[in-house]
Amino acid sequence: MPKQPFEGIRICDLSQNWSGPYCAAYLGGMGAEVIKVESIQHPDSFRFGNLVSDLWWEVYAPWNCTNVNKYGITLDLNNPRGIELFKELAKVSDVVIENFSSRVMENFKLTYPILKEVNPDIIMVSMPGYGLSGPWRDYAGFGLAFEQSSGLAYLTGYADGSPQNLGGSADPIAGMHAAFAIQAALEYRRRTGKGQFIEIAQAELLTRLLGVAIIDFSLNKRVWGRLGNRDVVKAPHGVYRCRGEDMWVAISVSSDKEWSAFCQAIGKPELARDERFSTLLNRWRNQDALDKIIEAWTLEHDRYEAMTILQKSGVAAGAVTVPDKLQHEQHLKDRGFFQELTRDIIGTQLYPRWPIMFSETPLVMRPAPKLGEHNHYVLSAILGLSRVEIEALEKQQVIGTTPLALGFGM
């Protein structure tokens, strides 16, 4: 197998939940050796999603999907010996990733200046919700809070409704930003020999996505509001009911040429000459009437049928796919999007492959580690501890494989 892009890079993944772990798993798919660090006192809180199972900490689906391509160890970082061992691991690593609020790494005394003394070349990525400075620096949060406080959720929803949760999309967005930053820092280190510290405030990166709305206010004093599925310029632009229960198709028309093609496709060429819809601006101003006409047509068709008719006419349209039916989508099956992974306890399951496809170095995917599964490998093969020393750590509960309590955070 060809050498992977990140082969030879070792990453200590202290992060929890979704954002940091997603980043680390992706880099692991590109060949990095990723060591997931948890503790039996406070495992990754993303494990706490299926408490009805006897082995609840191993069976939560999102945790299994977000922590592929990793080795897993446990270290109690409230124990001096656990701190010592983490520093030893950082000494022989290239990258450390964490996504706690600012006070956590300070309390552990594992901030960048301290780790830099241990390993001058280390690259450290901190992903606090609101940054390491400012009045909100100590606030904790999850994707829902970041989406709201960033301003992004204010623009999401219907005009007569409340701001809407984006479904945690903040996390993978933050993870991809972190992966890019790590790649850039590794290249900088290759050229200069210098490591560095990277701070990614998750709420701020979401605010950056509002660039157009912010600039529009700066230039034109226009305040954007919630538009539902509509667009600030395009029309028609929405999701329309189709034949069947809770079946939908998305349609977006961006020009007069596409509008003419759309009218031909649905068998109503006269609509292109209707004064209400003859220009993009007129269509945008008369969307309520336009949407009723369109939905009358979509209700007569299956969602895939509607998509196919419009796509063949050059109109952007897509069937709204039900999540539990995705694995049966012929398009995804033909592209080999889902692959089987077998893991102890949960058995063989289908996982979505990484969406980036390299021709020379295809990404890999290995199942997520069990809690503390690789304690002996990491402590012995990488850090050189003896079996007696490892057994002593187990007795002292510095390491282990079973959670001691139902609690969140490290």
# chains A, B, ... in the order shown; residues from 1 in each chain; ligands from 1

$ residues_around --residues "region 138-150 of chain A" --least-positions-apart "5" --cutoff "6 Å" --atoms "only C-alpha atoms" --output "list in words"
Ser101, Ser102, Gly168, Ala170, Asp171, Ala203, Leu206 and Thr207 of chain A

$ residues_around --residues "Gly157 (chain A)" --least-positions-apart "5" --cutoff "6 Å" --atoms "only C-alpha atoms" --output "PyMOL selection string"
chain A and resi 163-164+226+228

$ write_last_selection --atoms "C-alpha atoms" --output "compact mmCIF listing (two decimals), in the first residue's frame"
# COMPACT_ATOMS: atom_id res chain seq x y z
CA PRO A 163 -33.82 30.54 15.42
CA GLN A 164 -33.16 26.88 14.58
CA ARG A 226 -34.76 34.10 8.57
CA GLY A 228 -36.81 29.36 5.65

$ select_by_dssp --residues "region 131-184 of chain A" --states "alpha helix (DSSP H)" --output "PyMOL selection string"
chain A and resi 143-149+170-184

$ atom_distance --atom1 "CA of Pro113 (chain A)" --atom2 "CA of Gln196 (chain A)"
10.0 Å

$ closest_atom_pairs --of "region 31-51 of chain A" --to "region 85-88 of chain A" --cutoff "12 Å" --atoms "only C-alpha atoms" --output "Markdown table"
| residue | atom | partner | partner_atom | distance |
| --- | --- | --- | --- | --- |
| A:Ile35 | CA | A:Phe86 | CA | 11.0 |
| A:Lys36 | CA | A:Phe86 | CA | 11.5 |
| A:Val37 | CA | A:Phe86 | CA | 8.8 |
| A:Glu38 | CA | A:Phe86 | CA | 11.0 |
| A:Ser39 | CA | A:Phe86 | CA | 11.8 |

$ write_last_selection --atoms "C-alpha atoms" --output "PDB file, in the first residue's frame"
ATOM      1  CA  ILE A  35      -3.689   8.145  20.276  1.00  0.00           C
ATOM      2  CA  LYS A  36      -7.024   8.935  21.918  1.00  0.00           C
ATOM      3  CA  VAL A  37      -6.503   9.876  25.585  1.00  0.00           C
ATOM      4  CA  GLU A  38      -9.425   9.500  28.001  1.00  0.00           C
ATOM      5  CA  SER A  39      -9.729   8.543  31.663  1.00  0.00           C
TER       6      SER A  39
END

$ closest_residue --among "A:Gly31, A:Glu84, A:Ala235, A:Leu350" --to "His328 (chain A)" --atoms "only C-alpha atoms"
A:Leu350

$ residues_around --residues "Lys109 (chain A)" --least-positions-apart "6" --cutoff "10 Å" --atoms "only C-alpha atoms" --output "mmCIF file with C-alpha atoms, in the first residue's frame"
data_model
loop_
_atom_site.group_PDB
_atom_site.id
_atom_site.type_symbol
_atom_site.label_atom_id
_atom_site.label_comp_id
_atom_site.auth_asym_id
_atom_site.auth_seq_id
_atom_site.Cartn_x
_atom_site.Cartn_y
_atom_site.Cartn_z
ATOM 1 C CA LEU A 77 -4.756 13.678 34.415
ATOM 2 C CA ILE A 83 0.428 14.039 33.987
ATOM 3 C CA ARG A 103 -9.456 26.626 32.286
ATOM 4 C CA LEU A 115 4.387 21.219 26.592
#

$ decode --residues "region 91-118 of chain A" --atoms "N, CA and C atoms" --output "CSV table (one decimal), in the first residue's frame"
chain,number,residue,atom,x,y,z
A,91,LYS,N,6.2,14.2,24.4
A,91,LYS,CA,7.6,14.4,24.0
A,91,LYS,C,7.9,13.6,22.8
A,92,VAL,N,7.2,12.6,22.5
A,92,VAL,CA,7.5,11.7,21.3
A,92,VAL,C,6.4,11.9,20.3
A,93,SER,N,5.6,13.0,20.4
A,93,SER,CA,4.5,13.2,19.5
A,93,SER,C,4.7,14.5,18.7
A,94,ASP,N,3.9,14.6,17.6
A,94,ASP,CA,4.0,15.8,16.8
A,94,ASP,C,2.9,16.8,17.1
A,95,VAL,N,1.7,16.3,17.4
A,95,VAL,CA,0.6,17.2,17.6
A,95,VAL,C,-0.2,16.8,18.8
A,96,VAL,N,-0.7,17.8,19.6
A,96,VAL,CA,-1.7,17.6,20.6
A,96,VAL,C,-2.9,18.4,20.3
A,97,ILE,N,-4.1,17.7,20.4
A,97,ILE,CA,-5.4,18.4,20.1
A,97,ILE,C,-6.2,18.3,21.4
A,98,GLU,N,-6.8,19.5,21.7
A,98,GLU,CA,-7.8,19.5,22.9
A,98,GLU,C,-8.9,20.5,22.5
A,99,ASN,N,-10.1,20.3,23.1
A,99,ASN,CA,-11.2,21.2,22.8
A,99,ASN,C,-12.0,21.5,24.1
A,100,PHE,N,-11.3,21.6,25.2
A,100,PHE,CA,-11.9,22.0,26.4
A,100,PHE,C,-12.1,23.5,26.5
A,101,SER,N,-12.8,24.0,27.5
A,101,SER,CA,-12.8,25.4,27.8
A,101,SER,C,-11.4,25.8,28.4
A,102,SER,N,-11.1,27.0,28.4
A,102,SER,CA,-9.7,27.5,28.6
A,102,SER,C,-9.2,27.1,29.9
A,103,ARG,N,-10.0,26.9,30.9
A,103,ARG,CA,-9.5,26.6,32.3
A,103,ARG,C,-8.9,25.2,32.4
A,104,VAL,N,-9.4,24.3,31.6
A,104,VAL,CA,-9.1,22.8,31.8
A,104,VAL,C,-7.6,22.5,31.7
A,105,MET,N,-7.0,22.9,30.5
A,105,MET,CA,-5.6,22.6,30.4
A,105,MET,C,-4.7,23.4,31.3
A,106,GLU,N,-5.2,24.6,31.7
A,106,GLU,CA,-4.5,25.3,32.8
A,106,GLU,C,-4.5,24.6,34.1
A,107,ASN,N,-5.6,24.0,34.4
A,107,ASN,CA,-5.7,23.2,35.7
A,107,ASN,C,-4.9,22.0,35.6
A,108,PHE,N,-4.8,21.4,34.5
A,108,PHE,CA,-3.9,20.2,34.3
A,108,PHE,C,-2.4,20.6,34.3
A,109,LYS,N,-2.2,21.9,34.1
A,109,LYS,CA,-0.8,22.4,33.9
A,109,LYS,C,-0.2,21.7,32.6
A,110,LEU,N,-1.0,21.7,31.6
A,110,LEU,CA,-0.6,21.1,30.3
A,110,LEU,C,-0.8,22.2,29.1
A,111,THR,N,-0.6,23.4,29.4
A,111,THR,CA,-0.7,24.5,28.4
A,111,THR,C,0.5,24.4,27.4
A,112,TYR,N,0.4,25.1,26.3
A,112,TYR,CA,1.4,25.1,25.3
A,112,TYR,C,2.8,25.4,25.8
A,113,PRO,N,2.9,26.5,26.6
A,113,PRO,CA,4.3,26.8,27.1
A,113,PRO,C,4.9,25.7,27.9
A,114,ILE,N,4.1,24.9,28.6
A,114,ILE,CA,4.6,23.8,29.4
A,114,ILE,C,5.0,22.6,28.5
A,115,LEU,N,4.1,22.3,27.5
A,115,LEU,CA,4.4,21.2,26.6
A,115,LEU,C,5.6,21.6,25.7
A,116,LYS,N,5.7,22.9,25.4
A,116,LYS,CA,6.8,23.3,24.5
A,116,LYS,C,8.2,23.0,25.2
A,117,GLU,N,8.2,23.1,26.6
A,117,GLU,CA,9.4,22.8,27.3
A,117,GLU,C,9.7,21.3,27.2
A,118,VAL,N,8.7,20.5,27.2
A,118,VAL,CA,8.9,19.1,27.0
A,118,VAL,C,9.3,18.7,25.6
